[in-house]
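Below is one structure, written out as structure tokens; comments come after it.
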Amino acid sequence: MNTWSKQGLWWIVLAAGLFGGCGSGEPRADSAGQRRLRVTCTIGMIADVIREIGGEHVQVTALMGPGVDPHLYKASAGDVARLVGADLVLYGGLHLEGKLTEVLEALARRKPTIAVTRDIDRARLLQPPQFGGLYDPHVWFDVQLWARAAETIRDALREADPRHADDYDRAAAAYLARLTELDAWCRSRAAELVPHQRVLVTSHDAYNYFGRAYGFEVIGIQGISTEEQATSRAIVELSRLIAARRIKAIFTESSVSPKAIRAVIEDCRRAGWNVVEGGELFSDALGGPGTPEGTYIGMVRHNMNTIADALKWMKSAAGSGSAEIRGRPDAQGFSPIEW
Ligand SMILES: [Zn+2]
């Protein structure tokens, strides 16, 4: 056990003693005057689904707000109080909440603490080589996988608050229908692009599930976690690839510094290829409250529209340009390029 997690567990013990399980503030009542279920979760995508399914029966607290990176997040004393005071704790799991994982596991011995990815068939999870044998935690980018997570959230609410089980079932059914529509819409937007246009270059490896679900090749500068800094060698290699393949746009992320992506754009321009910044994607955090991207569905729509709009007009590599073309376009688009 490292120093931090010892400290984290110490906070749990202290907070449990201070708050005695009473939690952070008294929960408000619902319209029937019944006490709301206090649910604390980690990322905004989970909070949004809890609100959709739980409605007025739940009081939701998300530890990580807009722009916050879950891989590097450390719990504050206030967060520990919010975890200890909750009736139910929901988190992503699959090591998404890197530095918080041991705190959550310790908490699971005291109260219902559930990873929303728990019931996803392991055969549908990705294990990219750069993850060192771990599963890729960014499952919300495949809407069908996130629908499975929504079912786990529904089941957790039913179990924690059986009095309102029928309401949770009804709201979940309506929400799952919206996710089915969203998935179909993503496929139709992706279908507007020809195969060689479907290449997504971003800051970190968050989009592997998106790529598999909607047919995009995905290239991230940093590894699976944002902890690794993009090396200058990786930036140069990526710039060469973008120029050779005539990739028109690459994307920044709201919870990761845009520095590496901007360095790639500069490097491409020096090599004579004018790649543009295609826009900001939401990867590991939602947009601000009250904005369209402040909900899971709005975030997915924003990302898909940003990607499809920026890449739509990408021309085939056939034609002139100052950068060297090493791939040969064919009827399907590009052949893979080896470096
Ligand atoms: Zn991530």
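By order of appearance in the structure tokens: chains A, B, ..., then residues from 1 within every chain, and ligands from 1 in the order shown.
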### Message
Env of Leu125 (chain A): 9 Å cut, atoms = only C-alpha atoms, seq-sep filter 2 positions within chain, self excluded. Answer as an NGL selection string.
### Response
:A and (120-123 or 127 or 135-137 or 139 or 145 or 209)
Atoms kept (C-alpha atoms) for selection, written as a PDB file, in the first residue's frame:
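Generated file (again-v6.pdb):
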```
ATOM      1  CA  ILE A 120     -20.718  -5.495 -18.830  1.00  0.00           C
ATOM      2  CA  ASP A 121     -19.726  -8.767 -20.474  1.00  0.00           C
ATOM      3  CA  ARG A 122     -15.901  -8.918 -20.165  1.00  0.00           C
ATOM      4  CA  ALA A 123     -15.742 -10.257 -23.740  1.00  0.00           C
ATOM      5  CA  GLN A 127      -7.610  -4.544 -23.502  1.00  0.00           C
ATOM      6  CA  TYR A 135      -9.301  -3.148 -19.402  1.00  0.00           C
ATOM      7  CA  ASP A 136      -9.926   0.196 -21.099  1.00  0.00           C
ATOM      8  CA  PRO A 137     -12.303   2.044 -18.703  1.00  0.00           C
ATOM      9  CA  VAL A 139     -16.880   2.462 -21.985  1.00  0.00           C
ATOM     10  CA  LEU A 145     -22.094  -0.515 -23.411  1.00  0.00           C
ATOM     11  CA  TYR A 209     -14.742   1.999 -27.765  1.00  0.00           C
TER      12      TYR A 209
END
```
For Ala86 (chain A), list every protein, DNA or RNA residue within 6 Å, evaluated using only C-alpha atoms, and leave out those in the same chain fewer than 6 positions away; present the list as a tab-separated table (two decimals) with C-alpha atoms, in the first residue's frame.
```
chain	number	residue	atom	x	y	z
A	38	ARG	CA	-28.31	10.01	-1.07
A	39	VAL	CA	-26.15	8.82	-3.95
A	40	THR	CA	-22.53	9.90	-4.34
```
### Task
Using DSSP on the backbone coordinates, identify all residues within region 134-283 of chain A classified as alpha helix (DSSP H); present the result as a ChimeraX atom specification.
/A:143-160,165-190,208-214,232-245,259-270
### Task
Skip Thr117 (chain A) itself and residues of its chain fewer than 2 positions away, then list as a ChimeraX atom specification all residues within 8 Å of it, counting only C-alpha atoms.
/A:92-94,115,119-120,139,148-149,152
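Minimum distance to ligand 1 across A:His138, A:Arg270, A:Lys111, A:Arg124 (counting only C-alpha atoms and all ligand atoms) occurs at A:His138.
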